[in-house]
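Read through the structure below, which is laid out as structure tokens, and then see the notes.
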Amino acid sequence: MAGIPTTTVVDAITVTRSVKRLAHEIAERNTGAQNLVLIGIVRRGVALAERLIGALAAVGMASVPVGTLDISSYRDDKKGAPGDPRLIGRDIAFSLDGKRVVLVDDVLYTGRTVRAALGAISDLGRPESIQLAVLVDRGEREVPIRADYVGKNIPTPKGQRVFVKLSEIDGFDGVLIGDAK
């Protein structure tokens, strides 16, 4: 992000609070951990899913399995053609059949990433339901997708980009807005 002017819109404390609130909402809607699984979309969705697992355990929902999903080869915008060296793969060591899946990502924008994730999940099994948890919903959908759980709504105009930063990847927590270029 060197050279890209950014503005911090969410600090580390608010990121932590948002994750805790998401966990409480997930626990409230999904009474009990039975058949509940979390799947984080590579990259920052995975870190958020791991944080949610810890927060869910803190509210009495221990032993929720977590997996990772790279949807690059499912994208329709040529950002991950088959054979792309950026493909990281998936790590889902459990069946999705009959499970309540909470799909976790950092930012919901056009909806295309989630659409691709739904395609990948359907290739892996037949869940009972799929719910979506995101840290940031920035609006401006291109496909009709809505998150079930949202940490923060941050409407952002075209030409601007939302940068979610997580300590596991970036060394600090925060949400910044800057130019898309």
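Each chain in the structure tokens gets a letter, A, B, ..., in the order shown, and its residues are numbered from 1; ligands are numbered from 1 in order too.
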(request) Excluding A:Gly151 and residues on its chain fewer than 4 positions from it, collect all residues at most 7 Å away from it, counting only C-alpha atoms, and give them as a list in words. (result)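 Residues meeting the cut-off are Ser18, Val19, Leu22, Val134, Leu135 and Val136 of chain A.
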At a cut-off of 12 Å, using only C-alpha atoms, what residues contact A:Ala58? Leave out same-chain residues fewer than 3 positions from it and give the result as a PDB file with N, CA, C and O atoms, in the first residue's frame.
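Listed below is the output, result-v7.pdb:
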ATOM      1  N   VAL A  19     -15.596  -8.963  15.813  1.00  0.00           N
ATOM      2  CA  VAL A  19     -15.464 -10.424  15.774  1.00  0.00           C
ATOM      3  C   VAL A  19     -16.258 -11.049  16.922  1.00  0.00           C
ATOM      4  O   VAL A  19     -16.974 -12.042  16.727  1.00  0.00           O
ATOM      5  N   LYS A  20     -16.164 -10.462  18.105  1.00  0.00           N
ATOM      6  CA  LYS A  20     -16.932 -10.983  19.250  1.00  0.00           C
ATOM      7  C   LYS A  20     -18.430 -10.903  18.988  1.00  0.00           C
ATOM      8  O   LYS A  20     -19.176 -11.829  19.296  1.00  0.00           O
ATOM      9  N   ARG A  21     -18.876  -9.788  18.421  1.00  0.00           N
ATOM     10  CA  ARG A  21     -20.298  -9.627  18.124  1.00  0.00           C
ATOM     11  C   ARG A  21     -20.754 -10.633  17.065  1.00  0.00           C
ATOM     12  O   ARG A  21     -21.824 -11.245  17.187  1.00  0.00           O
ATOM     13  N   ALA A  23     -19.499 -13.561  16.570  1.00  0.00           N
ATOM     14  CA  ALA A  23     -19.559 -14.861  17.247  1.00  0.00           C
ATOM     15  C   ALA A  23     -20.839 -14.990  18.062  1.00  0.00           C
ATOM     16  O   ALA A  23     -21.497 -16.040  18.041  1.00  0.00           O
ATOM     17  N   HIS A  24     -21.214 -13.934  18.772  1.00  0.00           N
ATOM     18  CA  HIS A  24     -22.458 -13.968  19.555  1.00  0.00           C
ATOM     19  C   HIS A  24     -23.668 -14.165  18.642  1.00  0.00           C
ATOM     20  O   HIS A  24     -24.566 -14.943  18.965  1.00  0.00           O
ATOM     21  N   ALA A  27     -23.695 -17.761  17.385  1.00  0.00           N
ATOM     22  CA  ALA A  27     -24.108 -18.662  18.473  1.00  0.00           C
ATOM     23  C   ALA A  27     -25.607 -18.562  18.726  1.00  0.00           C
ATOM     24  O   ALA A  27     -26.281 -19.575  18.945  1.00  0.00           O
ATOM     25  N   ARG A  51     -10.325 -16.626  14.303  1.00  0.00           N
ATOM     26  CA  ARG A  51     -10.697 -15.739  15.417  1.00  0.00           C
ATOM     27  C   ARG A  51     -12.116 -16.038  15.894  1.00  0.00           C
ATOM     28  O   ARG A  51     -12.396 -16.017  17.085  1.00  0.00           O
ATOM     29  N   LEU A  52     -13.008 -16.291  14.945  1.00  0.00           N
ATOM     30  CA  LEU A  52     -14.391 -16.610  15.316  1.00  0.00           C
ATOM     31  C   LEU A  52     -14.470 -17.915  16.106  1.00  0.00           C
ATOM     32  O   LEU A  52     -15.272 -18.028  17.036  1.00  0.00           O
ATOM     33  N   ILE A  53     -13.634 -18.889  15.770  1.00  0.00           N
ATOM     34  CA  ILE A  53     -13.611 -20.146  16.512  1.00  0.00           C
ATOM     35  C   ILE A  53     -13.263 -19.865  17.972  1.00  0.00           C
ATOM     36  O   ILE A  53     -13.907 -20.396  18.889  1.00  0.00           O
ATOM     37  N   GLY A  54     -12.276 -19.046  18.208  1.00  0.00           N
ATOM     38  CA  GLY A  54     -11.911 -18.681  19.577  1.00  0.00           C
ATOM     39  C   GLY A  54     -13.025 -17.940  20.286  1.00  0.00           C
ATOM     40  O   GLY A  54     -13.324 -18.199  21.460  1.00  0.00           O
ATOM     41  N   ALA A  55     -13.670 -17.013  19.586  1.00  0.00           N
ATOM     42  CA  ALA A  55     -14.763 -16.241  20.184  1.00  0.00           C
ATOM     43  C   ALA A  55     -15.981 -17.123  20.437  1.00  0.00           C
ATOM     44  O   ALA A  55     -16.690 -16.939  21.433  1.00  0.00           O
ATOM     45  N   MET A  61     -19.428 -22.435  22.686  1.00  0.00           N
ATOM     46  CA  MET A  61     -19.578 -23.270  21.484  1.00  0.00           C
ATOM     47  C   MET A  61     -18.210 -23.800  21.080  1.00  0.00           C
ATOM     48  O   MET A  61     -17.644 -23.416  20.056  1.00  0.00           O
ATOM     49  N   ALA A  62     -17.687 -24.693  21.904  1.00  0.00           N
ATOM     50  CA  ALA A  62     -16.382 -25.283  21.617  1.00  0.00           C
ATOM     51  C   ALA A  62     -16.517 -26.371  20.556  1.00  0.00           C
ATOM     52  O   ALA A  62     -17.620 -26.833  20.261  1.00  0.00           O
ATOM     53  N   SER A  63     -15.413 -26.764  20.018  1.00  0.00           N
ATOM     54  CA  SER A  63     -15.328 -27.878  19.060  1.00  0.00           C
ATOM     55  C   SER A  63     -16.046 -27.630  17.742  1.00  0.00           C
ATOM     56  O   SER A  63     -16.583 -28.560  17.142  1.00  0.00           O
ATOM     57  N   VAL A  64     -16.077 -26.396  17.277  1.00  0.00           N
ATOM     58  CA  VAL A  64     -16.622 -26.116  15.951  1.00  0.00           C
ATOM     59  C   VAL A  64     -15.478 -26.285  14.947  1.00  0.00           C
ATOM     60  O   VAL A  64     -14.474 -25.584  15.038  1.00  0.00           O
TER      61      VAL A  64
END
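Those residues in stretch 29-148 of chain A carrying a DSSP assignment of alpha helix (DSSP H), computed from the backbone, are Arg29, Arg44, Gly45, Val46, Ala47, Leu48, Ala49, Glu50, Arg51, Leu52, Ile53, Gly54, Ala55, Leu56, Ala57, Ala58, Arg112, Thr113, Val114, Arg115, Ala116, Ala117, Leu118, Gly119, Ala120, Ile121, Ser122, Asp123 and Leu124 of chain A.
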(message) Residues of stretch 9-134 of chain A classed as strand (DSSP E) by DSSP on the backbone are to be reported as a PyMOL selection string.
(response) chain A and resi 9-10+36-41+66-69+90-91+100-108+129-134
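Pairwise distance (atom CA of A:Ile169, atom CA of A:Glu50) equals 12.7 Å.
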(request) Would you mind telling me which residue in A:Pro127, A:Gly98, A:Gly67, A:Gly174 lies nearest to A:Thr14 when using only C-alpha atoms? (result) A:Gly174
(request) Find, counting only C-alpha atoms, the residue in A:Ser72, A:Ile121, A:Phe163, A:Glu128 that gets nearest to A:Tyr109. (result) A:Phe163
(message) Need the shell around A:Pro157: protein/DNA/RNA residues with any atom at most 12 Å away, counting only C-alpha atoms. Skip same-chain ones fewer than 6 positions apart. Format as an MDAnalysis selection string?
(response) chainID A and resid 109 138:141 177:180
(request) Select, from A:Leu36, A:Ala49, A:Leu124, A:Val9, the residue with the minimum atom-to-atom distance to A:Val101, counting only C-alpha atoms. (result) A:Leu36
(message) One decimal, in Å: what's the spacing between atom CA of A:Arg29 and atom CA of A:Val59?
(response) 13.0 Å
(message) For a test of reading the model, state the distance in Å between atom CA of A:Val37 and atom CA of A:Arg100, rounded to one decimal.
(response)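 If I compute the distance from atom CA of A:Val37 to atom CA of A:Arg100, I get 6.2 Å.
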(message) With distances taken over only C-alpha atoms, which residue among A:Lys152, A:Arg90, A:Lys158, A:Arg17 lies nearest A:Val107?
(response)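 So, comparing all the options, the nearest one is A:Lys152.
If only C-alpha atoms are the atoms counted, then among A:Val10, A:Val102, A:Pro65, A:Ile92 the closest residue to A:Asn153 is A:Val10.
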(request) Skip A:Asp148 itself and residues of its chain fewer than 6 positions away, then list as a list of chain:residue names all residues within 8 Å of it, counting only C-alpha atoms. (result) A:Gln131, A:Leu132, A:Ala133
Keeping N, CA, C and O atoms for every residue in the selection just given, could you write it to a file as a PDB file, in the first residue's frame?
ATOM      1  N   GLN A 131     -24.501 -20.001   5.608  1.00  0.00           N
ATOM      2  CA  GLN A 131     -24.660 -18.640   6.110  1.00  0.00           C
ATOM      3  C   GLN A 131     -23.376 -17.879   5.793  1.00  0.00           C
ATOM      4  O   GLN A 131     -22.322 -18.487   5.627  1.00  0.00           O
ATOM      5  N   LEU A 132     -23.471 -16.567   5.720  1.00  0.00           N
ATOM      6  CA  LEU A 132     -22.311 -15.752   5.369  1.00  0.00           C
ATOM      7  C   LEU A 132     -22.011 -14.757   6.477  1.00  0.00           C
ATOM      8  O   LEU A 132     -22.893 -14.012   6.903  1.00  0.00           O
ATOM      9  N   ALA A 133     -20.743 -14.757   6.919  1.00  0.00           N
ATOM     10  CA  ALA A 133     -20.264 -13.792   7.913  1.00  0.00           C
ATOM     11  C   ALA A 133     -19.119 -12.997   7.299  1.00  0.00           C
ATOM     12  O   ALA A 133     -18.172 -13.582   6.759  1.00  0.00           O
TER      13      ALA A 133
END
(request) Would you mind listing what lies within 12 Å of A:Gly119 as a PyMOL selection string, with only C-alpha atoms counted and same-chain residues fewer than 6 positions away left out? (result) chain A and resi 69-76+112-113+125-126+130
Same residues, all heavy atoms, saved as an mmCIF file, in the first residue's frame:
data_model
loop_
_atom_site.group_PDB
_atom_site.id
_atom_site.type_symbol
_atom_site.label_atom_id
_atom_site.label_comp_id
_atom_site.auth_asym_id
_atom_site.auth_seq_id
_atom_site.Cartn_x
_atom_site.Cartn_y
_atom_site.Cartn_z
ATOM 1 N N LEU A 69 -10.916 -22.395 2.268
ATOM 2 C CA LEU A 69 -11.346 -22.574 0.885
ATOM 3 C C LEU A 69 -10.742 -21.480 0.016
ATOM 4 O O LEU A 69 -10.921 -20.291 0.296
ATOM 5 C CB LEU A 69 -12.878 -22.513 0.815
ATOM 6 C CG LEU A 69 -13.529 -22.745 -0.537
ATOM 7 C CD1 LEU A 69 -13.264 -24.159 -1.021
ATOM 8 C CD2 LEU A 69 -15.029 -22.505 -0.429
ATOM 9 N N ASP A 70 -10.019 -21.888 -1.012
ATOM 10 C CA ASP A 70 -9.511 -20.955 -2.014
ATOM 11 C C ASP A 70 -10.439 -21.067 -3.216
ATOM 12 O O ASP A 70 -10.567 -22.139 -3.807
ATOM 13 C CB ASP A 70 -8.086 -21.318 -2.409
ATOM 14 C CG ASP A 70 -7.546 -20.441 -3.523
ATOM 15 O OD1 ASP A 70 -8.171 -19.417 -3.850
ATOM 16 O OD2 ASP A 70 -6.502 -20.778 -4.075
ATOM 17 N N ILE A 71 -11.088 -19.980 -3.578
ATOM 18 C CA ILE A 71 -12.090 -20.016 -4.640
ATOM 19 C C ILE A 71 -11.552 -19.486 -5.972
ATOM 20 O O ILE A 71 -12.320 -19.290 -6.906
ATOM 21 C CB ILE A 71 -13.354 -19.222 -4.229
ATOM 22 C CG1 ILE A 71 -13.042 -17.805 -3.721
ATOM 23 C CG2 ILE A 71 -14.086 -19.972 -3.138
ATOM 24 C CD1 ILE A 71 -12.864 -16.817 -4.785
ATOM 25 N N SER A 72 -10.245 -19.296 -6.066
ATOM 26 C CA SER A 72 -9.660 -18.674 -7.262
ATOM 27 C C SER A 72 -10.107 -19.327 -8.564
ATOM 28 O O SER A 72 -10.435 -18.645 -9.522
ATOM 29 C CB SER A 72 -8.132 -18.699 -7.186
ATOM 30 O OG SER A 72 -7.688 -17.964 -6.081
ATOM 31 N N SER A 73 -10.101 -20.650 -8.617
ATOM 32 C CA SER A 73 -10.443 -21.311 -9.882
ATOM 33 C C SER A 73 -11.942 -21.283 -10.164
ATOM 34 O O SER A 73 -12.368 -21.679 -11.242
ATOM 35 C CB SER A 73 -9.938 -22.751 -9.876
ATOM 36 O OG SER A 73 -10.549 -23.484 -8.845
ATOM 37 N N TYR A 74 -12.750 -20.800 -9.218
ATOM 38 C CA TYR A 74 -14.194 -20.698 -9.424
ATOM 39 C C TYR A 74 -14.623 -19.287 -9.839
ATOM 40 O O TYR A 74 -15.782 -19.057 -10.123
ATOM 41 C CB TYR A 74 -14.946 -21.082 -8.142
ATOM 42 C CG TYR A 74 -14.939 -22.571 -7.886
ATOM 43 C CD1 TYR A 74 -13.862 -23.174 -7.256
ATOM 44 C CD2 TYR A 74 -16.007 -23.364 -8.286
ATOM 45 C CE1 TYR A 74 -13.846 -24.534 -7.027
ATOM 46 C CE2 TYR A 74 -16.000 -24.726 -8.054
ATOM 47 C CZ TYR A 74 -14.919 -25.303 -7.430
ATOM 48 O OH TYR A 74 -14.906 -26.648 -7.201
ATOM 49 N N ARG A 75 -13.694 -18.352 -9.847
ATOM 50 C CA ARG A 75 -14.049 -16.960 -10.150
ATOM 51 C C ARG A 75 -14.451 -16.796 -11.613
ATOM 52 O O ARG A 75 -13.973 -17.527 -12.482
ATOM 53 C CB ARG A 75 -12.886 -16.029 -9.817
ATOM 54 C CG ARG A 75 -12.575 -16.009 -8.322
ATOM 55 C CD ARG A 75 -11.543 -14.967 -8.005
ATOM 56 N NE ARG A 75 -12.076 -13.652 -8.233
ATOM 57 C CZ ARG A 75 -12.643 -12.887 -7.304
ATOM 58 N NH1 ARG A 75 -12.754 -13.320 -6.077
ATOM 59 N NH2 ARG A 75 -13.099 -11.690 -7.601
ATOM 60 N N ASP A 76 -15.307 -15.809 -11.873
ATOM 61 C CA ASP A 76 -15.728 -15.550 -13.244
ATOM 62 C C ASP A 76 -15.064 -14.292 -13.807
ATOM 63 O O ASP A 76 -15.420 -13.835 -14.874
ATOM 64 C CB ASP A 76 -17.252 -15.425 -13.324
ATOM 65 C CG ASP A 76 -17.802 -14.240 -12.542
ATOM 66 O OD1 ASP A 76 -17.009 -13.514 -11.889
ATOM 67 O OD2 ASP A 76 -19.021 -14.035 -12.575
ATOM 68 N N ARG A 112 -19.254 -11.464 -6.029
ATOM 69 C CA ARG A 112 -18.687 -12.474 -6.927
ATOM 70 C C ARG A 112 -17.816 -13.485 -6.187
ATOM 71 O O ARG A 112 -17.802 -14.665 -6.529
ATOM 72 C CB ARG A 112 -17.915 -11.809 -8.057
ATOM 73 C CG ARG A 112 -18.855 -11.055 -8.990
ATOM 74 C CD ARG A 112 -18.141 -10.506 -10.210
ATOM 75 N NE ARG A 112 -19.088 -9.818 -11.066
ATOM 76 C CZ ARG A 112 -19.941 -10.422 -11.889
ATOM 77 N NH1 ARG A 112 -19.982 -11.720 -11.953
ATOM 78 N NH2 ARG A 112 -20.769 -9.713 -12.628
ATOM 79 N N THR A 113 -17.091 -13.055 -5.176
ATOM 80 C CA THR A 113 -16.284 -14.003 -4.395
ATOM 81 C C THR A 113 -17.193 -15.002 -3.694
ATOM 82 O O THR A 113 -16.933 -16.211 -3.704
ATOM 83 C CB THR A 113 -15.417 -13.255 -3.361
ATOM 84 O OG1 THR A 113 -14.494 -12.423 -4.062
ATOM 85 C CG2 THR A 113 -14.667 -14.218 -2.464
ATOM 86 N N GLY A 125 -20.019 -30.988 -1.349
ATOM 87 C CA GLY A 125 -21.034 -31.676 -0.567
ATOM 88 C C GLY A 125 -22.356 -30.926 -0.592
ATOM 89 O O GLY A 125 -22.511 -29.947 -1.309
ATOM 90 N N ARG A 126 -23.284 -31.409 0.218
ATOM 91 C CA ARG A 126 -24.616 -30.803 0.280
ATOM 92 C C ARG A 126 -24.919 -30.393 1.711
ATOM 93 O O ARG A 126 -25.466 -31.172 2.496
ATOM 94 C CB ARG A 126 -25.659 -31.790 -0.222
ATOM 95 C CG ARG A 126 -27.057 -31.216 -0.207
ATOM 96 C CD ARG A 126 -27.897 -31.806 -1.313
ATOM 97 N NE ARG A 126 -29.292 -31.474 -1.181
ATOM 98 C CZ ARG A 126 -29.821 -30.302 -1.500
ATOM 99 N NH1 ARG A 126 -29.078 -29.342 -1.949
ATOM 100 N NH2 ARG A 126 -31.119 -30.092 -1.376
ATOM 101 N N ILE A 130 -26.125 -22.668 4.273
ATOM 102 C CA ILE A 130 -24.899 -21.885 4.173
ATOM 103 C C ILE A 130 -25.243 -20.470 4.613
ATOM 104 O O ILE A 130 -26.157 -19.848 4.081
ATOM 105 C CB ILE A 130 -24.324 -21.866 2.747
ATOM 106 C CG1 ILE A 130 -24.040 -23.284 2.259
ATOM 107 C CG2 ILE A 130 -23.051 -21.016 2.706
ATOM 108 C CD1 ILE A 130 -23.622 -23.364 0.799
#
